[in-house]
Each structure stands twice: as C-alpha cells, then as structure tokens.
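S.K.: Right, I'll just put the structure down here and ask away after.
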Amino acid sequence: MKIMQCWDDSVATDEPLIALLKKYRAKATFNITPGSLDPHQRTSGWKFKDEFAVYKLALDEIKDLYQGFKVAGHSMTHPHLPQLSPAELKAELCDCKAFIRDFIGQEKCGFAYPFGDYNEAVKQAVRDAGYLYARSCKNVECELPLNDPMALPSHCHFMSPDFWIRYEKVRAIDGIFYFWGHSYEMMDDPALWGEFESKLARIADDNQAQWIDIVDIFG
Ligand SMILES: [Zn+2]
C-alpha cells in the first residue's frame, strides 16, 4: 500500500512535526498560506481550544524548513473561496501558485481548499491556475477515487479514532491511504505528539507500506 499525508496552514508546530517525519523517513505535503505570513518573523495566529497559542511561520524560514518535503497551495490568505469575486479568487490562487514556483522552487503542486470550501467555479479556477489536484474535506472509506482530482478526498484526519481501521481496510486492497491534519492540534502536549509518533513508527515497521507524495500521482 501507499501512504500520503498533508498538513495545513504553515504554522510553527510544523517544525517539531518535520523533525518527527524525518526520523521515520515519512513523506509529507505542507499546504501553505504565504499571504498570511510575516516576511521575517513568526506571528501570533489564534488560540486553539482556547488554550494553545498558534504561531504562524515567517515567510523567510519556510523554504528551508520544508526542504525535502512537498509544498502545496492553501490560498494566499485562507478566505472562504466561494465568497470571493472572480478577480479576488484568481489572485488568491495564482499568487500562491507563483510563490510556490518562484520562492520555494517547486513547479508542480496541488492545493487544499481553505475550510474545505469550494463550488464548481472554485474548482475550475483552481484547475485554471495550474494546480494538479485539490483536497476537499470529504472522507472515503476504502479505495481513494482519483477520477476528480479537483475534489480529492482523504481517508481521515490524523487523530481520527478509526485511523487504524481505515488504514487496515486500504492495506487489504493494497490501495492508497491518505490522512491530513494541523500540527497545532497536538499543541505542546507530549501525549498527543507521542501518539502521532507511534503512528509513524507503526507505518515505518509495516513492510507493505510505502510513503508517496500526493503530487506524484497527478504529475
Ligand atoms: Zn487551513
């Protein structure tokens, strides 16, 4: 089976996450919002669960931090895309795509809809902007459908209680297993980080499992 994962919102907790991913040689894609980042310093974002202060990465650190991983678009500023005018929509998509090409140096990339929010016009605009796929927030049980790349579902969130049930179903058909998350959801809680590390360790020990990059399916 093949395994793919992606992480949203370009946040400071991606740094310890990346250390873990490297330890277990796991591939991952990071969905970034470059227009919401300060050029030179990490900035305070929002409170997660009213207790954990989420910090956004600085623009000038993301190229080095994400080195060795894939980057994908998540729009410039994380708006509800269906609410934008066509010109605003195009700017959110094309500026983010240009940033990934010119600043990160990655030609082919995918996209993740902010808030999982899209309609037919948004799908078409993402396709027109040159993205190769776009992740929705829909879940599938077993086989990952690849027939509509602009509405790519996943199997589950990384903390989903049925993570392993879904994993085993996909393993039984030698399919592609895809999960996603936000690194800030682990906050500074060693138990949550440990739980995710145990997932990476179990996958690393599974000789049927092989990490792949999402964009490689569509590129
Ligand atoms: Zn997001």
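Naming works like this for the structure tokens: A, B, ... for the chains as they're shown, residue 1 at the start of each chain, ligands 1 onward in shown order.
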If we count only C-alpha atoms and set the cut-off at 9 Å, which residues sit around A:Leu59, ignoring sequence neighbours fewer than 5 positions away in its own chain? Please answer as a list in words.
M.R.: Pro34, Gly35, Leu37, Asp38, Pro39, His40, Gln41 and Arg42 of chain A
S.K.: Write the residues of the selection above to a file with C-alpha atoms, as a tab-separated table (two decimals), in the first residue's frame.
M.R.:
```tsv
chain	number	residue	atom	x	y	z
A	34	PRO	CA	2.05	32.71	2.14
A	35	GLY	CA	-0.06	35.88	2.14
A	37	LEU	CA	2.81	35.20	6.92
A	38	ASP	CA	5.13	38.00	8.03
A	39	PRO	CA	8.27	38.24	5.88
A	40	HIS	CA	10.74	37.86	8.73
A	41	GLN	CA	9.15	36.81	11.97
A	42	ARG	CA	6.72	34.31	13.39
```
S.K.: List all protein, DNA and RNA residues that have at least one atom no more than 9 Å from any atom of ligand 1, counting only C-alpha atoms and all ligand atoms, and write them as a list in words.
M.R.: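 I would give the residues around ligand 1 as Trp7, Asp8, Asp9, Ser10, Asn31, Ile32, Thr33, His74, Ser75, His78, Ala112, Tyr113, Pro114, Phe115, Gly116 and His182 of chain A.
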S.K.: Taking only stretch 19-170 of chain A into account, list the residues labelled strand (DSSP E) by DSSP (computed from the backbone), as a ChimeraX atom specification.
M.R.: /A:29-32,43-48,52-56,70-73,111-112,134-139,152-154,156-157
S.K.: Report as a short mmCIF file (atom, residue, chain, number, x, y, z; two decimals) with N, CA and C atoms, in the first residue's frame all protein, DNA and RNA residues lying within 12 Å of A:Leu84, evaluated on only C-alpha atoms, omitting residues in the same chain fewer than 5 positions from it.
M.R.:
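Final output, out-v1.cif:
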```
data_model
loop_
_atom_site.label_atom_id
_atom_site.label_comp_id
_atom_site.auth_asym_id
_atom_site.auth_seq_id
_atom_site.Cartn_x
_atom_site.Cartn_y
_atom_site.Cartn_z
N SER A 75 -4.20 28.77 -0.70
CA SER A 75 -4.57 30.16 -0.98
C SER A 75 -3.58 31.12 -0.31
N THR A 77 -4.45 33.89 1.67
CA THR A 77 -4.85 34.41 2.99
C THR A 77 -5.95 33.58 3.67
N HIS A 78 -6.25 32.38 3.13
CA HIS A 78 -7.19 31.47 3.78
C HIS A 78 -8.63 32.00 3.87
N PRO A 79 -9.16 32.57 2.79
CA PRO A 79 -10.57 33.02 2.81
C PRO A 79 -11.51 31.86 2.47
N LEU A 89 -10.60 35.68 -6.39
CA LEU A 89 -10.34 34.24 -6.41
C LEU A 89 -9.07 33.94 -7.20
N LYS A 90 -8.99 34.54 -8.38
CA LYS A 90 -7.83 34.31 -9.24
C LYS A 90 -6.54 34.75 -8.53
N ALA A 91 -6.59 35.90 -7.86
CA ALA A 91 -5.39 36.39 -7.17
C ALA A 91 -5.00 35.44 -6.03
N GLU A 92 -5.96 34.98 -5.25
CA GLU A 92 -5.67 34.06 -4.15
C GLU A 92 -4.97 32.79 -4.65
N LEU A 93 -5.42 32.32 -5.81
CA LEU A 93 -4.90 31.05 -6.35
C LEU A 93 -3.59 31.26 -7.10
N ASP A 117 -13.84 24.40 1.59
CA ASP A 117 -14.96 25.12 1.00
C ASP A 117 -14.75 25.36 -0.50
N TYR A 118 -15.62 24.79 -1.35
CA TYR A 118 -15.49 25.03 -2.79
C TYR A 118 -16.82 24.81 -3.49
N ASN A 119 -16.89 25.30 -4.72
CA ASN A 119 -18.02 25.01 -5.61
C ASN A 119 -17.44 24.77 -7.00
N ALA A 121 -17.27 26.68 -9.64
CA ALA A 121 -16.47 27.79 -10.15
C ALA A 121 -15.08 27.80 -9.50
N VAL A 122 -15.04 27.50 -8.20
CA VAL A 122 -13.75 27.46 -7.49
C VAL A 122 -12.89 26.31 -8.04
N ALA A 125 -11.43 27.34 -11.25
CA ALA A 125 -10.39 28.36 -11.07
C ALA A 125 -9.09 27.73 -10.57
#
```
S.K.: Once DSSP has gone over the backbone, tell me which residues of stretch 39-168 of chain A are in alpha helix (DSSP H), as a ChimeraX atom specification.
M.R.: /A:59-65,86-99,120-128,163-168
S.K.: Compile the contact shell of A:Leu146 as a list in words: residues with an atom at most 10 Å away, counting only C-alpha atoms, same-chain residues fewer than 6 positions apart removed.
M.R.: Tyr133, Leu152, Pro153, Ile217 and Phe218 of chain A
S.K.: Near A:Phe69, within 10 Å and counting only C-alpha atoms, which residues show up once chain neighbours fewer than 4 positions away are dropped, as a PyMOL selection string?
M.R.: chain A and resi 18+21-22+26-30+63+65+213
S.K.: Report, in Å to a single decimal, how far apart atom CA of A:Thr13 and atom CA of A:Ser183 are.
M.R.: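 The value is 5.5 Å.
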